[in-house]
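*Asks:* Submitted below is the structure of interest, expressed as structure tokens.
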Amino acid sequence: MSNGIARVVVDIALDREFDYLIPQSLSTLVRIGSRVMVPFGRSDRSGYVVGLSSVSGRVDLKAIASVIGKSPLLSEGILDLARWISDYYCSPVEHAVRAVLPGAVRRKGAGFKECRSVALSGGGGGTAMQLACAKLTERQKLVLQMLRDANGSVLLADLLRKSGVSAPTVKSLEKKGFVKVSMVEVGRNPLLNKTVLPTKALRLTPEQDSALEMAKKAIDHAAPPVILLHGVTGSGKTEVYLQAIEYAMAAGGGAVVLVPEISLTPQTVERFRGRFGDNVAVLHSHLSEGERHDEWHRIREGKARIAIGARSAVFAPVINLRLIVVDEEHDTSYKQDESPRYNARDVAVMRGRMERCAVILGSATPSMESYDNVQTKKYSIAVLSKRIDHRKMPVVQVVDMRGETGQEGRVNVFSRELVDAVRLRLDRAEQTILFLNRRGYATSLLCPKCGFVEKCGLCSIPFTYHQYSEELMCHVCGSVRRVPDRCGQCGDPAFRFAGIGTQRVEKIVSKLFPKAKVARMDSDTTRRKDSHEEILGEFKTGKIDILVGTQMIAKGLDFPNVTLIGVINADLSLHVPDFRAGERTFQLLTQVSGRAGRGDIAGEVIIQTFSPGDASIQAAVRMDYVQFYEHESGFRRELGYPPFAHVVCITARGIVEDQVVVGAESFAKNLRLKLPQTVVLNGPVPAPLARAKGYYRYQLVMRARSVKAMVYPTKELLKTFKWPAKVTCSVDVDAISFG
């Protein structure tokens with residue numbers, strides 16, 4: 001017998017919901033959000049119930065086979081958000097549903113860890129007479145004493161590790177009745193054994209207090225829900241977040257805090273745990289699968305009321321969500337690079353609208369889109385124009401490397417000004433950060449005789465040389481090969497390395513300042529779990545004098561003894577074929593400059609560039625966001641680029657280039673017939689990275705004020721269009737990069 005109909009999204013990308021009968025035996029278990037097993041084709045597949053109904057358009061319905069788990073994993077609110085993501089970002093609904101749940105929660109066997117626990121028996125380990133009669137060994141007595149010290153119970157693995165005894169020792173005690181061994185469920189806590197000192201709310205500046213009052217009104221639904229907190233670096237945005245969350249929690253609510261880079265998480269978590277203790281849970285990719293699973297369930301069960309993490313933490317199942325904070329809201333890492341290609345900042349705003357909670361978007365360098373939403377009154381704005389405790393903004397100096405090159409006759413990595421400034425900081429026992437947004441030792445291996453450059457055979461970019469591993473590595477596909485003995489084209493052995501990366505900078509710094517303690521922080525040195533925290537911890541305690549790094553050290557870090565920032569090759573992000581190049585350059589330079597002078601000592605920033613007159617660099621020197629916005633918005637408005645229009649990028653890829661071209665041209669021809677006249681469609685043209693991982697790539701780019709005008713026709717065409725064999729396509733709505 002049936003007790004209704006369930007609409008199910010199965011774990012296969014068909015972009016459809018399927019109706020299934022609910023058997024009477026499962027009628028009390030099947031709810032919206034439940035995970036179920038259903039017959040699909042010739043096998044059973046897992047899926048999620050996304051709706052319930054009493055009728056269906058089909059009469060030959062199959063029945064749900066079973067329900068997985070005791071309670072639904074997805075709330076109706078999160079499912080509504082997944083549907084919106086599917087519609088807005090032109091992705092299959094199955095992809096959207098998968099995105100809102102951590103893989104560890106979805107996958108079988110990611111439950112709480114079962115461990116053996118050793119406890120004293122009912123007699124508390126026995127009386128003195130029993131112990132004497134049993135003639136226990138010294139090791140057995142040690143075990144019993146450790147159990148007494150631990151209030152009678154401890155995990156077997158911990159007991160063996162701390163005592164040095166073997167498992168048979170414990171087994172013999174169990175046989176004699178002194179201890180009892182049983183299986184227990186253990187939650188994996190990524191914050192275990194990390195001591196954090198409690199902190200109290202700080203006294204706010206008048207600007208901070210005004211921002212907090214705006215946040216309180218938004219939390220109380222008495223003001224517009226989205227606030228752009230535009231605060232200069234070091235102005236105390238985090239303290240506003242903390243006190244706003246405290247207010248939300250006092251009202252019985254919870255909060256989500258998003259940070260853009262994993263490198264920010266340890267320091268952010270430390271500050272939040274100092275204020276809120278075990279109410280804080282963390283969600284990010286550097287946790288183990290078990291830790292992610294257990295932290296997610298702590299949030300879902302209400303044991304943690306604040307979720308902190310990177311992009312996917314926006315979906316955290318916080319009970320009675322009252323506030324979402326998106327720190328460094330401009331950061332491009334909030335954009336997902338696979339389907340569904342959502343932007344966590346925009347998803348946060350939509351979730352806030354759906355669940356009627358406040359949203360704070362914080363940044364010293366807001367995205368053009370967010371600042372434009374302030375101009376059009378969609379968002380309210382709170383401004384923090386000064387650093388806290390009357391600390392001064394750093395003095396910024398631009399060094400024109402064209403002059404340096406002319407005097408020296410060659411391109412130096414460091415200007416004389418930067419070398420002198422670093423030496424001065426070492427003499428004063430102050431710290432320096434050297435920033436270069438390119439890892440590796442050299443950007444290419446070049447033959448000076450014939451000009452040949454070693455390139456990746458699968459991608460249209462040169463190999464990067466990594467000195468420490470003595471390898472050539474492709475930073476797109478990850479392929480590695482040994483360094484050749486001679487030129488692959490002319491056979492000349494006189495290869496030389498062109499360009500610079502963080503490895504080379506680290507080596508030069510170590511030679512220039514042999515007594516200094518130098519460390520490097522990039523994706524090569526931070527692959528191991530907790531490596532971010534270890535490097536930053538050593539820097540914080542003064543064990544490192546000079547830290548060389550990429551953009552992961554450019555944002556959010558707060559070290560009072562850093563008084564000098566050196567920016568090497570500030571032009572890297574400027575001269576690329578992307579309309580956002582100027583914006584990225586301004587943001588990166590302003591953010592990295594903000595790491596200097598956050599203590600009692602004034603800071604200095606030295607920017608080395610070959611384009612000192614560029615408007616983005618000049619605005620960054622003055623740290624003048626309004627000047628940058630006004631200059632940048634002029635050409636964006638004229639050409640119809642964001643924030644004055646939306647951009648959708650469709651990328652076709654395949655192994656055979658001719659097939660990719662034919663498919664992309666045919667798709668563009670059919671799409672033009674469906675698009676309204678308000679949409680501008682360009683292409684297909686080769687992507688800026690024309691070949692990646694062995695696949696040729698061609699792109700179509702659409703621009704229009706309405707996302708629906710582009711997405712709906714695209715989604716309709718994708719349902720029927722037949723791409724050539726082995727050619728696929730992806731759709732990126734509100735694309736932030738065309739690489």
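Convention: chains lettered A, B, ... in structure tokens order; per-chain residue numbering from 1; ligands numbered from 1 as shown.
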Which residues are near Ala244 (chain A)? Cut-off 8 Å, only C-alpha atoms, ignore same chain within fewer than 6 positions. Put them as a PyMOL selection string.

*Replies:* chain A and resi 212+215-216

*Asks:* Which neighbours of region 613-626 of chain A fall inside 12 Å, counting only C-alpha atoms, when residues of the same chain fewer than 5 positions from it are skipped, and could you give them as a PyMOL selection string?

*Replies:* chain A and resi 230-233+363-368+371-372+375+383+385-386+393-400+567+569-575+580-594+604-608+631-633

*Asks:* Could you pull out the strand (DSSP E) residues of region 308-484 of chain A from DSSP and send them as an MDAnalysis selection string?

*Replies:* chainID A and resid 308:309 321:327 358:363 380:384 395:400 431:435 444:446 464:466 471:473 480:482

*Asks:* Could you please take those selected residues and save C-alpha atoms as a PDB file, in the first residue's frame?

*Replies:*
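Okay, part39.pdb is ready:
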ATOM      1  CA  ILE A 308      33.213  29.077  10.564  1.00  0.00           C
ATOM      2  CA  GLY A 309      34.736  27.972   7.309  1.00  0.00           C
ATOM      3  CA  LEU A 321      20.193  31.216  11.701  1.00  0.00           C
ATOM      4  CA  ARG A 322      20.150  34.948  12.473  1.00  0.00           C
ATOM      5  CA  LEU A 323      23.383  36.236  10.914  1.00  0.00           C
ATOM      6  CA  ILE A 324      25.772  35.385   8.059  1.00  0.00           C
ATOM      7  CA  VAL A 325      29.154  37.116   7.908  1.00  0.00           C
ATOM      8  CA  VAL A 326      31.191  37.047   4.690  1.00  0.00           C
ATOM      9  CA  ASP A 327      34.672  38.328   5.509  1.00  0.00           C
ATOM     10  CA  ALA A 358      21.021  39.503   8.472  1.00  0.00           C
ATOM     11  CA  VAL A 359      24.070  39.404   6.194  1.00  0.00           C
ATOM     12  CA  ILE A 360      27.278  41.380   6.733  1.00  0.00           C
ATOM     13  CA  LEU A 361      29.708  41.629   3.807  1.00  0.00           C
ATOM     14  CA  GLY A 362      33.058  42.879   5.074  1.00  0.00           C
ATOM     15  CA  SER A 363      36.035  44.176   3.081  1.00  0.00           C
ATOM     16  CA  SER A 380      23.178  49.558   3.266  1.00  0.00           C
ATOM     17  CA  ILE A 381      26.753  50.532   4.132  1.00  0.00           C
ATOM     18  CA  ALA A 382      28.760  51.056   7.303  1.00  0.00           C
ATOM     19  CA  VAL A 383      32.177  52.689   6.944  1.00  0.00           C
ATOM     20  CA  LEU A 384      35.193  52.254   9.203  1.00  0.00           C
ATOM     21  CA  VAL A 395      53.419  54.783   4.312  1.00  0.00           C
ATOM     22  CA  VAL A 396      53.439  53.435   0.747  1.00  0.00           C
ATOM     23  CA  GLN A 397      56.371  53.954  -1.607  1.00  0.00           C
ATOM     24  CA  VAL A 398      56.375  52.985  -5.294  1.00  0.00           C
ATOM     25  CA  VAL A 399      59.689  51.962  -6.840  1.00  0.00           C
ATOM     26  CA  ASP A 400      59.855  52.309 -10.621  1.00  0.00           C
ATOM     27  CA  GLN A 431      59.340  41.476  10.902  1.00  0.00           C
ATOM     28  CA  THR A 432      58.972  41.682   7.126  1.00  0.00           C
ATOM     29  CA  ILE A 433      56.558  40.118   4.636  1.00  0.00           C
ATOM     30  CA  LEU A 434      57.686  39.788   1.014  1.00  0.00           C
ATOM     31  CA  PHE A 435      54.829  39.180  -1.388  1.00  0.00           C
ATOM     32  CA  SER A 444      60.052  29.001 -17.427  1.00  0.00           C
ATOM     33  CA  LEU A 445      63.102  27.147 -18.712  1.00  0.00           C
ATOM     34  CA  LEU A 446      64.503  29.127 -21.655  1.00  0.00           C
ATOM     35  CA  THR A 464      57.483  26.218 -13.969  1.00  0.00           C
ATOM     36  CA  TYR A 465      60.820  25.190 -12.489  1.00  0.00           C
ATOM     37  CA  HIS A 466      60.767  24.022  -8.837  1.00  0.00           C
ATOM     38  CA  GLU A 471      61.418  19.311 -11.381  1.00  0.00           C
ATOM     39  CA  LEU A 472      59.455  21.093 -14.068  1.00  0.00           C
ATOM     40  CA  MET A 473      55.809  21.350 -13.071  1.00  0.00           C
ATOM     41  CA  VAL A 480      55.809  16.811 -13.618  1.00  0.00           C
ATOM     42  CA  ARG A 481      58.958  15.987 -15.564  1.00  0.00           C
ATOM     43  CA  ARG A 482      62.650  16.062 -14.830  1.00  0.00           C
TER      44      ARG A 482
END

*Asks:* Pick the closest to Thr376 (chain A) from A:Ala596, A:Phe644, A:Gly634, A:Arg486: which is it, counting only C-alpha atoms?

*Replies:* A:Phe644

*Asks:* Find the residue from A:Ala99, A:Thr563, A:Tyr696, A:Cys490 that sits nearest to Glu338 (chain A); use only C-alpha atoms when measuring.

*Replies:*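 Comparing A:Ala99, A:Thr563, A:Tyr696, A:Cys490 against Glu338 (chain A), the winner is A:Ala99.
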
*Asks:* Write out as a PDB file with C-alpha atoms, in the first residue's frame all residues of region 691-722 of chain A that backbone DSSP assigns to alpha helix (DSSP H).

*Replies:*
ATOM      1  CA  LYS A 708      17.347  34.944 -16.758  1.00  0.00           C
ATOM      2  CA  ALA A 709      17.570  36.304 -20.302  1.00  0.00           C
ATOM      3  CA  MET A 710      20.791  34.303 -20.741  1.00  0.00           C
ATOM      4  CA  VAL A 711      20.353  31.285 -18.460  1.00  0.00           C
ATOM      5  CA  TYR A 712      16.862  30.118 -19.436  1.00  0.00           C
ATOM      6  CA  PRO A 713      17.560  29.895 -23.211  1.00  0.00           C
ATOM      7  CA  THR A 714      20.918  28.238 -22.475  1.00  0.00           C
ATOM      8  CA  LYS A 715      19.353  25.642 -20.195  1.00  0.00           C
ATOM      9  CA  GLU A 716      16.622  24.870 -22.723  1.00  0.00           C
ATOM     10  CA  LEU A 717      19.132  24.402 -25.537  1.00  0.00           C
ATOM     11  CA  LEU A 718      21.371  22.168 -23.400  1.00  0.00           C
ATOM     12  CA  LYS A 719      18.484  19.717 -22.942  1.00  0.00           C
ATOM     13  CA  THR A 720      18.324  18.944 -26.681  1.00  0.00           C
TER      14      THR A 720
END

*Asks:* Quick one: residues within 12 Å of Cys729 (chain A), only C-alpha atoms, excluding same-chain residues fewer than 4 positions away - as a PDB file with N, CA and C atoms, in the first residue's frame?

*Replies:*
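Written output follows (result.pdb):
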ATOM      1  N   CYS A  90      22.608  27.695 -13.656  1.00  0.00           N
ATOM      2  CA  CYS A  90      22.454  26.842 -14.835  1.00  0.00           C
ATOM      3  C   CYS A  90      23.139  25.483 -14.633  1.00  0.00           C
ATOM      4  N   SER A  91      22.865  24.866 -13.491  1.00  0.00           N
ATOM      5  CA  SER A  91      23.477  23.575 -13.186  1.00  0.00           C
ATOM      6  C   SER A  91      22.390  22.543 -12.934  1.00  0.00           C
ATOM      7  N   GLU A 338      33.672  24.317 -10.191  1.00  0.00           N
ATOM      8  CA  GLU A 338      33.030  23.182 -10.839  1.00  0.00           C
ATOM      9  C   GLU A 338      31.530  23.259 -10.555  1.00  0.00           C
ATOM     10  N   SER A 339      30.756  22.542 -11.342  1.00  0.00           N
ATOM     11  CA  SER A 339      29.300  22.635 -11.228  1.00  0.00           C
ATOM     12  C   SER A 339      28.811  22.165  -9.857  1.00  0.00           C
ATOM     13  N   CYS A 649      29.768  32.705 -19.186  1.00  0.00           N
ATOM     14  CA  CYS A 649      30.809  32.138 -20.044  1.00  0.00           C
ATOM     15  C   CYS A 649      30.531  30.653 -20.268  1.00  0.00           C
ATOM     16  N   ILE A 650      30.412  30.252 -21.531  1.00  0.00           N
ATOM     17  CA  ILE A 650      30.199  28.851 -21.898  1.00  0.00           C
ATOM     18  C   ILE A 650      31.491  28.335 -22.524  1.00  0.00           C
ATOM     19  N   THR A 651      32.050  27.300 -21.935  1.00  0.00           N
ATOM     20  CA  THR A 651      33.317  26.757 -22.418  1.00  0.00           C
ATOM     21  C   THR A 651      33.108  25.351 -22.972  1.00  0.00           C
ATOM     22  N   ALA A 652      33.445  25.165 -24.243  1.00  0.00           N
ATOM     23  CA  ALA A 652      33.414  23.840 -24.863  1.00  0.00           C
ATOM     24  C   ALA A 652      34.828  23.279 -24.843  1.00  0.00           C
ATOM     25  N   ARG A 653      34.949  22.001 -24.532  1.00  0.00           N
ATOM     26  CA  ARG A 653      36.277  21.391 -24.451  1.00  0.00           C
ATOM     27  C   ARG A 653      36.267  19.986 -25.032  1.00  0.00           C
ATOM     28  N   GLY A 654      37.377  19.615 -25.644  1.00  0.00           N
ATOM     29  CA  GLY A 654      37.504  18.278 -26.209  1.00  0.00           C
ATOM     30  C   GLY A 654      38.933  18.015 -26.642  1.00  0.00           C
ATOM     31  N   VAL A 660      35.757  20.480 -31.347  1.00  0.00           N
ATOM     32  CA  VAL A 660      35.386  21.515 -30.375  1.00  0.00           C
ATOM     33  C   VAL A 660      34.892  22.757 -31.108  1.00  0.00           C
ATOM     34  N   VAL A 661      35.584  23.152 -32.147  1.00  0.00           N
ATOM     35  CA  VAL A 661      35.204  24.340 -32.921  1.00  0.00           C
ATOM     36  C   VAL A 661      33.839  24.142 -33.567  1.00  0.00           C
ATOM     37  N   GLY A 663      31.426  22.083 -32.715  1.00  0.00           N
ATOM     38  CA  GLY A 663      30.393  22.030 -31.694  1.00  0.00           C
ATOM     39  C   GLY A 663      30.074  23.401 -31.140  1.00  0.00           C
ATOM     40  N   ALA A 664      31.112  24.198 -30.842  1.00  0.00           N
ATOM     41  CA  ALA A 664      30.901  25.533 -30.270  1.00  0.00           C
ATOM     42  C   ALA A 664      30.198  26.454 -31.257  1.00  0.00           C
ATOM     43  N   PHE A 667      26.530  25.370 -31.486  1.00  0.00           N
ATOM     44  CA  PHE A 667      25.795  25.767 -30.279  1.00  0.00           C
ATOM     45  C   PHE A 667      25.507  27.268 -30.302  1.00  0.00           C
ATOM     46  N   TYR A 695      42.930  19.086 -23.205  1.00  0.00           N
ATOM     47  CA  TYR A 695      41.664  19.454 -23.853  1.00  0.00           C
ATOM     48  C   TYR A 695      41.764  20.845 -24.469  1.00  0.00           C
ATOM     49  N   TYR A 696      41.345  20.951 -25.736  1.00  0.00           N
ATOM     50  CA  TYR A 696      41.223  22.261 -26.382  1.00  0.00           C
ATOM     51  C   TYR A 696      39.971  22.946 -25.848  1.00  0.00           C
ATOM     52  N   ARG A 697      40.044  24.284 -25.714  1.00  0.00           N
ATOM     53  CA  ARG A 697      38.963  25.020 -25.055  1.00  0.00           C
ATOM     54  C   ARG A 697      38.560  26.235 -25.886  1.00  0.00           C
ATOM     55  N   TYR A 698      37.268  26.323 -26.190  1.00  0.00           N
ATOM     56  CA  TYR A 698      36.706  27.476 -26.892  1.00  0.00           C
ATOM     57  C   TYR A 698      35.549  28.038 -26.077  1.00  0.00           C
ATOM     58  N   GLN A 699      35.411  29.365 -26.132  1.00  0.00           N
ATOM     59  CA  GLN A 699      34.442  30.016 -25.260  1.00  0.00           C
ATOM     60  C   GLN A 699      33.437  30.887 -26.007  1.00  0.00           C
ATOM     61  N   LEU A 700      32.215  30.906 -25.464  1.00  0.00           N
ATOM     62  CA  LEU A 700      31.173  31.868 -25.821  1.00  0.00           C
ATOM     63  C   LEU A 700      30.948  32.739 -24.597  1.00  0.00           C
ATOM     64  N   THR A 714      19.777  29.160 -22.493  1.00  0.00           N
ATOM     65  CA  THR A 714      20.918  28.238 -22.475  1.00  0.00           C
ATOM     66  C   THR A 714      20.513  26.880 -21.917  1.00  0.00           C
ATOM     67  N   LYS A 715      19.760  26.896 -20.825  1.00  0.00           N
ATOM     68  CA  LYS A 715      19.353  25.642 -20.195  1.00  0.00           C
ATOM     69  C   LYS A 715      18.416  24.851 -21.101  1.00  0.00           C
ATOM     70  N   LEU A 718      20.526  23.256 -23.889  1.00  0.00           N
ATOM     71  CA  LEU A 718      21.371  22.168 -23.400  1.00  0.00           C
ATOM     72  C   LEU A 718      20.598  20.855 -23.278  1.00  0.00           C
ATOM     73  N   PHE A 721      20.513  19.821 -27.301  1.00  0.00           N
ATOM     74  CA  PHE A 721      21.649  19.960 -28.207  1.00  0.00           C
ATOM     75  C   PHE A 721      22.564  18.742 -28.122  1.00  0.00           C
ATOM     76  N   LYS A 722      23.000  18.258 -29.282  1.00  0.00           N
ATOM     77  CA  LYS A 722      23.896  17.105 -29.356  1.00  0.00           C
ATOM     78  C   LYS A 722      25.313  17.592 -29.695  1.00  0.00           C
ATOM     79  N   TRP A 723      26.175  17.534 -28.710  1.00  0.00           N
ATOM     80  CA  TRP A 723      27.569  17.911 -28.938  1.00  0.00           C
ATOM     81  C   TRP A 723      28.283  16.797 -29.702  1.00  0.00           C
ATOM     82  N   PRO A 724      29.320  17.132 -30.464  1.00  0.00           N
ATOM     83  CA  PRO A 724      30.110  16.079 -31.114  1.00  0.00           C
ATOM     84  C   PRO A 724      30.669  15.115 -30.068  1.00  0.00           C
ATOM     85  N   ALA A 725      31.013  13.922 -30.503  1.00  0.00           N
ATOM     86  CA  ALA A 725      31.546  12.912 -29.595  1.00  0.00           C
ATOM     87  C   ALA A 725      32.759  13.446 -28.839  1.00  0.00           C
TER      88      ALA A 725
END

*Asks:* Restricting the calculation to only C-alpha atoms, which member of A:Ala218, A:Leu29, A:Leu73, A:Val170 is positioned closest to Glu301 (chain A)?

*Replies:*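 Residue with the minimum atom-to-atom distance to Glu301 (chain A): A:Leu73.
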
*Asks:* With only C-alpha atoms as the counted atoms, please give the residues lying no more than 8 Å from region 138-147 of chain A, apart from itself and same-chain residues fewer than 2 positions off, as a list in words.

*Replies:*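 Returned residues: Ala119, Leu120, Gly125, Leu136, Asp149, Ala150, Asn151, Gly152, Ser153, Val154, Leu159, Ser163, Val165, Thr169, Val170 and Leu173 of chain A.
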
*Asks:* Provide the CA of Lys507 (chain A) to CA of Glu534 (chain A) distance in Å, to one decimal place.

*Replies:* 20.8 Å

*Asks:* Env of Ala13 (chain A): 7 Å cut, atoms = only C-alpha atoms, seq-sep filter 4 positions within chain, self excluded. Answer as a VMD selection string.

*Replies:* chain A and resid 92 94 to 95

*Asks:* Can you tell me which residues surround Ile461 (chain A) at a distance of at most 8 Å, considering only C-alpha atoms, apart from same-chain residues fewer than 4 positions away, and format the answer as number ranges by chain?

*Replies:* A: 455-456, 474, 689
